[in-house]
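Asker: Quick one: structure below, then a few questions.
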Amino acid sequence: MSIKISDGQFKDKVKENLQDDFMRGAVSSAQDRLRFRRLETAEELGNWEEWRSHGEEIRKHVLENLDYYLQELSENVQKLGGHVHFAQTAEDANRYIEDVVKKKEAKKIVKSKSMVTEEIGLNAVLEKAGCEVIETDLGEYILQLDEHDPPSHIVAPALHKNKEQIRKVFAEKINYTKSNDPTELARHARETLRSEFLTADIGITGCNFAIAESGSISLVTNEGNARLATTVPKTQITVMGMERIVPTFEEFEVLVSLLTRSAVGQKLTSYVTVLSGPRREGDADGPEEFHLVIVDNGRSKILGTEFQSVLQCIRCAACINVCPVYRHIGGHSYNSIYPGPIGAVLTPLLGGYDDFKELPYASTLCGACTEACPVKIPLHELLHKHRQVIVEKEGKAPISEGLMMKAFGIGAASNPLYTTGTKLATKVMKPFMKDKEFISKGPGPLKEWTAIREFPTLKNERFRDWYKNREGGDKK
Amino acid sequence: MIQQRETFLNNIAAALGREVNKTKKPERNWKHNPQAVTLTDLSQDELVQLFKAQCVNIHTDYVETTAAELKAELSNRVDMYGGGPISVWEDERFDTYGLGVLLREEWPQAGVEVNEWDIQKGADNIKFAEKANVGITFSDITLAESATVVLFSNGGQGRSVSLLPQTYIAIIPKSTLVPRMTQAAQAISKKVQREEAVPPCINFISGPSNSADIEMNLVVGVHGPVKATYIIVEDR
């Protein structure tokens with residue numbers, strides 16, 4: 001899997017996902033729960049706005065000084081006896097990792113959840129090289145067993161699946177015989193995966209934040225799988241997006257405090273693990289060899305542009321959990337491993353407008369995402385900027401938008417046409433009215449809107465007439 | 001070994017529209033500093049109360065005891081979890097708190113298998129921890145806000161002890177309690193600035209492992225321990 005999940009048009013994906021009642025129910029209840037827990041833990045912390053502002057200034061500072069901090073990080077990793085590979089492209093990162101795997105003659109690789117390895121399509125490369133690659137985060141494990149079903153949320157990847165579907169997958173693939181109770185299912189995964197951890201040659205992880213001053217990487221998890229992947233196997237490979245770095249432990253702490261609250265409404269997750277280099281003399285566990293792969297893969301093209309602030313992202317998914325569009329269409333509709341508002345901003349930048357020009361339109365510009373973001377990325381403004389770029393520079397606005405704007409332009413430019421048009425509107429719309437309040441199966445441009453939700457009917461009195469007749473109007 | 005750094009960093013500097021900077025430490029003039037006033041006005045007793053209340057949220061049993069009672073409490077908890085085998089750190093604090101006799105005499109005499117981490121045994125330590133029913137460590141720093149034990153793992157303090165056994169017990173000297181992660185981060189950062197070695201693995205652990213990946217139902221106990229107890233003890 002690379003950043004793009006599959007072929008197929010945005011519109012078709014939306015149509016398909018709108019039919020999935022379980023998914024839509026699961027998404028809305030997950031959103032409500034995660035949003036509520038975020039607000040609760042944010043309030044408990046107190047001064048939340050201060051924390052956000054601090055998070056924002058830290059992330060901005062890091063981006064402005066990224067070369068320095070990456071230099072410092074890599075020097076320190078080397079001092080600790082680790083290897084650092086800077087990879088400009090996905091292919092370069094994959095090639096390096098494949099080389100390490102071949103040198104180690106590794107057969108079995110355990111992985112803990114990592115978005116950047118999904119982005120570069122690492123698993124496919126390693127599988128092609130003859131390795132068994134096992135995802136060990138429970139959600140990712142379920143998806144992998146189910147014929148590599150793509151993730152639909154960056155924190156809860158299997159959100160779209162129900163427990164009965166999961167039971168069936170387990171029964172088919174890993175000899176599961178018990179009920180669809182989540183605890184029983186999870187315990188079975190624990191047993192099955194435990195033996196994989198103990199026999200794996202290499203552990204591959206992502207990185208929440210690297211810490212420049214000490215040459216450390218960190219993993220923020222609940223299940224303990226990332227700890228297992230970095231405790232037992234002899235070799236550890238950590239892959240990080242180049243912007244996921246902080247100067248010192250003090251900034252690290254601030255961002256972790258923002259991340260765990262914003263992602264899952266926890267004060268801290270069960271495990272926050274900070275790893276500095278390979279095991280040392282006298283250690284009996286931990287990896288003997290440590291490789292850090294720092295990935296650009298299009299990020300430097302965002303630096304220095306009007307979209308730079310998107311690189312402040314700490315992958316908490318708070319924006320996804322408040323987005324009304326995500327709520328209705330679910331994660332798969334975005335056709336990107338990064339869904340929701342952050343995905344709609346980031347995906348076209350990393351994957352190009354050709355494949356993802358619709359995504360910036362999958363937003364109501366309501367600004368809920370911007371308000372939720374713990375590091376104050378102006379997400380809805382960036383979505384709006386994308387639309388400007390698409391229309392002005394790329395000439396790739398969706399055709400329907402072009403036609404509608406043209407028609408509106410003609411109608412609005414001529415006073416008699418506009419007056420007649422607005423007067424006629426109520427009458428024209430009458431056949432489509434479900435009752436007096438809502439339109440349910442609208443024509444033309446309203447069709448797609450009203451296929452899945454209702455549109456308020458037009459009032460009998462036009463705004464212009466109401467304005468003219470109101471008390472104290474301009475023509476008393 | 002560091003590979004392909006030069007072009008990579010040059011490329012970043014070019015995008016930022018300036019010369020590459022590899023040597024001049026950027027100044028960090030933060031305008032905001034909310035962590036300086038978060039929970040910093042609480043007394044030691046209030047921190048204990050905060051810690052205790054948070055244990056409920058993270059599904060962790062809380063035991064408060066004196067140094068004199070610690071041995072009996074620890075023995076009780078291990079019995080409650082179904083006995084051995086027991087995996088523990090090599091740590092002089094076990095002796096400071098009078099637990100050496102339990103580890104090396106009482107438990108073995110009662111037929112309970114105990115493995116004190118021994119670097120001479122190499123990977124066998126991992127194998128033992130994997131079979132163990134209970135893992136026991138001390139807490140190096142303890143965070144009241146999130147009910148977190150911070151473990152510095154190196155040498156005799158293996159990472160596996162708090163991870164591989166079925167259940168986990170942390171012994172927490174009261175004096176290790178600080179308000180929140182801020183104070184732990186400051187302490188570690190100071191070590192770095194003094195050019196002291198930071199341990200290869202630092203874990204911030206808050207309760208047993210868990211997951212909500214199946215229909216957002218909370219499952220306590222996934223890959224790490226399925227149950228956890230904190231024993232907070234008056235200092236000796």
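Identifiers in the structure tokens: chain A, B, ... in order shown; residue index from 1 per chain; ligand index from 1 in order shown.
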Report as CSV: every residue of chain A with an atom at most 7 Å from chain B, its closest pair of atoms, and their distance in Å to one decimal, counting only C-alpha atoms, with rows sorted by chain and ascending residue number.

Answerer:
residue,atom,partner,partner_atom,distance
A:Ala30,CA,B:Met216,CA,6.8
A:Asn47,CA,B:Pro34,CA,6.9
A:Glu50,CA,B:Pro34,CA,5.9
A:Trp51,CA,B:Pro34,CA,5.9
A:Ser53,CA,B:His32,CA,6.8
A:His54,CA,B:His32,CA,5.2
A:Asp67,CA,B:Leu9,CA,5.3
A:Tyr68,CA,B:Lys22,CA,4.7
A:Gln71,CA,B:Lys22,CA,6.0
A:Gln78,CA,B:Met1,CA,6.3
A:His83,CA,B:Met1,CA,4.9
A:Val84,CA,B:Ile2,CA,4.7
A:His85,CA,B:Gln3,CA,4.8
A:Phe86,CA,B:Gln4,CA,5.4
A:Gln88,CA,B:Phe8,CA,6.6
A:Leu138,CA,B:Asp213,CA,6.4
A:Gly139,CA,B:Asp213,CA,5.2
A:Ala156,CA,B:Asp213,CA,5.9
A:Ala158,CA,B:Asp213,CA,6.5
A:Leu159,CA,B:Glu215,CA,6.4
A:Asn162,CA,B:Glu215,CA,6.1
A:Lys163,CA,B:Ile214,CA,6.3
A:Pro182,CA,B:Ile214,CA,6.1
A:Thr183,CA,B:Val219,CA,5.4
A:Ala186,CA,B:Val222,CA,6.2
A:Arg187,CA,B:Val222,CA,6.4
A:Arg190,CA,B:His223,CA,5.4
A:Ser214,CA,B:Val192,CA,6.5
A:Asn222,CA,B:Asn210,CA,5.4
A:Glu223,CA,B:Ser209,CA,4.8
A:Gly224,CA,B:Gly224,CA,4.9
A:Asn225,CA,B:His223,CA,5.7
A:Thr231,CA,B:Arg159,CA,6.7
A:Thr248,CA,B:Ser189,CA,6.7
A:Phe249,CA,B:Ala185,CA,5.2
A:Glu250,CA,B:Ala185,CA,5.4
A:Glu253,CA,B:Thr182,CA,6.2
A:Lys267,CA,B:Ser146,CA,5.5
A:Leu268,CA,B:Ser146,CA,6.1
A:Thr269,CA,B:Ser206,CA,6.7
A:Ser270,CA,B:Ser206,CA,4.4
A:Tyr271,CA,B:Ile205,CA,4.9
A:Val272,CA,B:Phe204,CA,4.9
A:Thr273,CA,B:Asn203,CA,4.6
A:Val274,CA,B:Ile202,CA,5.1
A:Leu275,CA,B:Cys201,CA,4.7
A:Ser276,CA,B:Pro200,CA,4.5
A:Gly277,CA,B:Pro200,CA,6.1
A:Pro278,CA,B:Pro200,CA,6.9
A:Arg279,CA,B:Pro200,CA,6.3
A:Gly282,CA,B:Gly155,CA,4.9
A:Asp283,CA,B:Gly155,CA,4.5
A:Ala284,CA,B:Gly122,CA,4.9
A:Asp285,CA,B:Gly158,CA,6.4
A:Ser300,CA,B:Ile12,CA,5.8
A:Lys301,CA,B:Ala15,CA,7.0
A:Leu303,CA,B:Ala15,CA,5.7
A:Gly304,CA,B:Leu16,CA,4.9

Asker: Among segment 61-257 of chain A, which residues does DSSP mark as strand (DSSP E) when it is run on the backbone? Keep the chain and numbering as in the structure and answer as an MDAnalysis selection string.

Answerer: chainID A and resid 83:87 108:111 132:135 202:205 209:211 216:221 235:241 245:246

Asker: Those residues with C-alpha atoms, as a compact mmCIF listing (two decimals), in the first residue's frame please?

Answerer:
# COMPACT_ATOMS: atom_id res chain seq x y z
CA HIS A 83 23.02 3.85 11.96
CA VAL A 84 21.17 6.71 10.28
CA HIS A 85 20.01 6.68 6.69
CA PHE A 86 18.54 9.84 5.14
CA ALA A 87 16.09 8.85 2.39
CA LYS A 108 10.34 -12.87 10.00
CA ILE A 109 9.66 -9.21 10.75
CA VAL A 110 7.31 -7.84 13.40
CA LYS A 111 6.00 -4.31 12.93
CA GLU A 132 7.00 -12.66 6.47
CA VAL A 133 5.87 -9.23 7.71
CA ILE A 134 3.50 -9.22 10.68
CA GLU A 135 1.59 -6.14 11.81
CA ILE A 202 13.74 -7.80 13.06
CA GLY A 203 11.37 -5.29 14.68
CA ILE A 204 10.23 -2.32 12.58
CA THR A 205 8.62 0.71 14.23
CA PHE A 209 8.88 12.09 18.06
CA ALA A 210 12.63 11.91 17.84
CA ILE A 211 14.54 13.85 20.50
CA SER A 216 16.32 9.16 21.00
CA ILE A 217 13.17 7.98 19.30
CA SER A 218 9.84 7.58 21.06
CA LEU A 219 6.77 5.39 20.73
CA VAL A 220 3.39 6.31 22.21
CA THR A 221 1.21 3.19 22.51
CA THR A 235 17.67 -5.77 15.02
CA GLN A 236 15.48 -2.67 15.21
CA ILE A 237 14.64 -0.45 12.26
CA THR A 238 12.78 2.78 13.00
CA VAL A 239 11.28 4.81 10.18
CA MET A 240 10.35 8.46 10.75
CA GLY A 241 8.96 11.30 8.71
CA ILE A 245 11.41 15.72 15.86
CA VAL A 246 11.77 17.94 18.96

Asker: Atom CA of Leu145 of chain A to atom CA of Ile174 of chain A: how many Å, to one decimal?

Answerer: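 Atom CA of Ile174 of chain A lies at a distance of 8.6 Å from atom CA of Leu145 of chain A.
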
Asker: What does the distance from atom CA of Val254 of chain A to atom CA of Ile231 of chain B come to in Å, to one decimal?

Answerer: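 Rounded to one decimal, the two atoms are 27.9 Å apart.
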
Asker: If you count only C-alpha atoms, which residues fall within 8 Å of Gln266 of chain A, apart from same-chain ones fewer than 2 positions away, as an NGL selection string?

Answerer: :A and (37-38 or 41 or 260-261 or 263-264 or 268-269)

Asker: Given the selection you just returned, output its residues as a file containing C-alpha atoms, formatted as a PDB file, in the first residue's frame.

Answerer:
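Listing of selection-v5.pdb after writing:
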ATOM      1  CA  ARG A  37     -12.890  12.421  25.947  1.00  0.00           C
ATOM      2  CA  ARG A  38     -10.569  14.931  24.317  1.00  0.00           C
ATOM      3  CA  THR A  41      -9.016  15.687  29.415  1.00  0.00           C
ATOM      4  CA  THR A 260      -2.420  11.580  24.143  1.00  0.00           C
ATOM      5  CA  ARG A 261      -5.270  13.894  25.102  1.00  0.00           C
ATOM      6  CA  ALA A 263      -5.854  11.314  20.138  1.00  0.00           C
ATOM      7  CA  VAL A 264      -7.570   9.187  22.743  1.00  0.00           C
ATOM      8  CA  LEU A 268      -0.806   9.467  29.030  1.00  0.00           C
ATOM      9  CA  THR A 269      -1.135   6.234  27.089  1.00  0.00           C
TER      10      THR A 269
END

Asker: Taking 3 positions as the minimum chain separation for residues in the same chain, which residues sit within 12 Å of Asp21 of chain A when counting only C-alpha atoms? Answer as a CSV table (one decimal) with C-alpha atoms, in the first residue's frame.

Answerer:
chain,number,residue,atom,x,y,z
A,16,GLU,CA,-20.2,2.9,-1.8
A,17,ASN,CA,-19.4,3.9,1.7
A,18,LEU,CA,-22.6,5.8,2.2
A,24,ARG,CA,-21.4,5.0,9.4
A,25,GLY,CA,-22.8,4.2,12.9
A,26,ALA,CA,-19.4,3.1,14.1
A,27,VAL,CA,-17.8,6.3,12.8
A,28,SER,CA,-20.3,8.6,14.4
A,160,HIS,CA,-15.1,0.3,10.1
A,161,LYS,CA,-15.1,-3.4,11.1
A,162,ASN,CA,-17.6,-5.0,13.5
A,327,ARG,CA,-18.6,11.3,9.8
A,328,HIS,CA,-20.8,10.7,6.7
A,329,ILE,CA,-18.4,9.2,4.2
A,330,GLY,CA,-15.9,7.3,6.5

Asker: Expressed in Å to a single decimal, how great is the separation between atom CA of Ile377 of chain A and atom CA of Ser336 of chain A?

Answerer: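 Rounded to one decimal, the two atoms are 19.8 Å apart.
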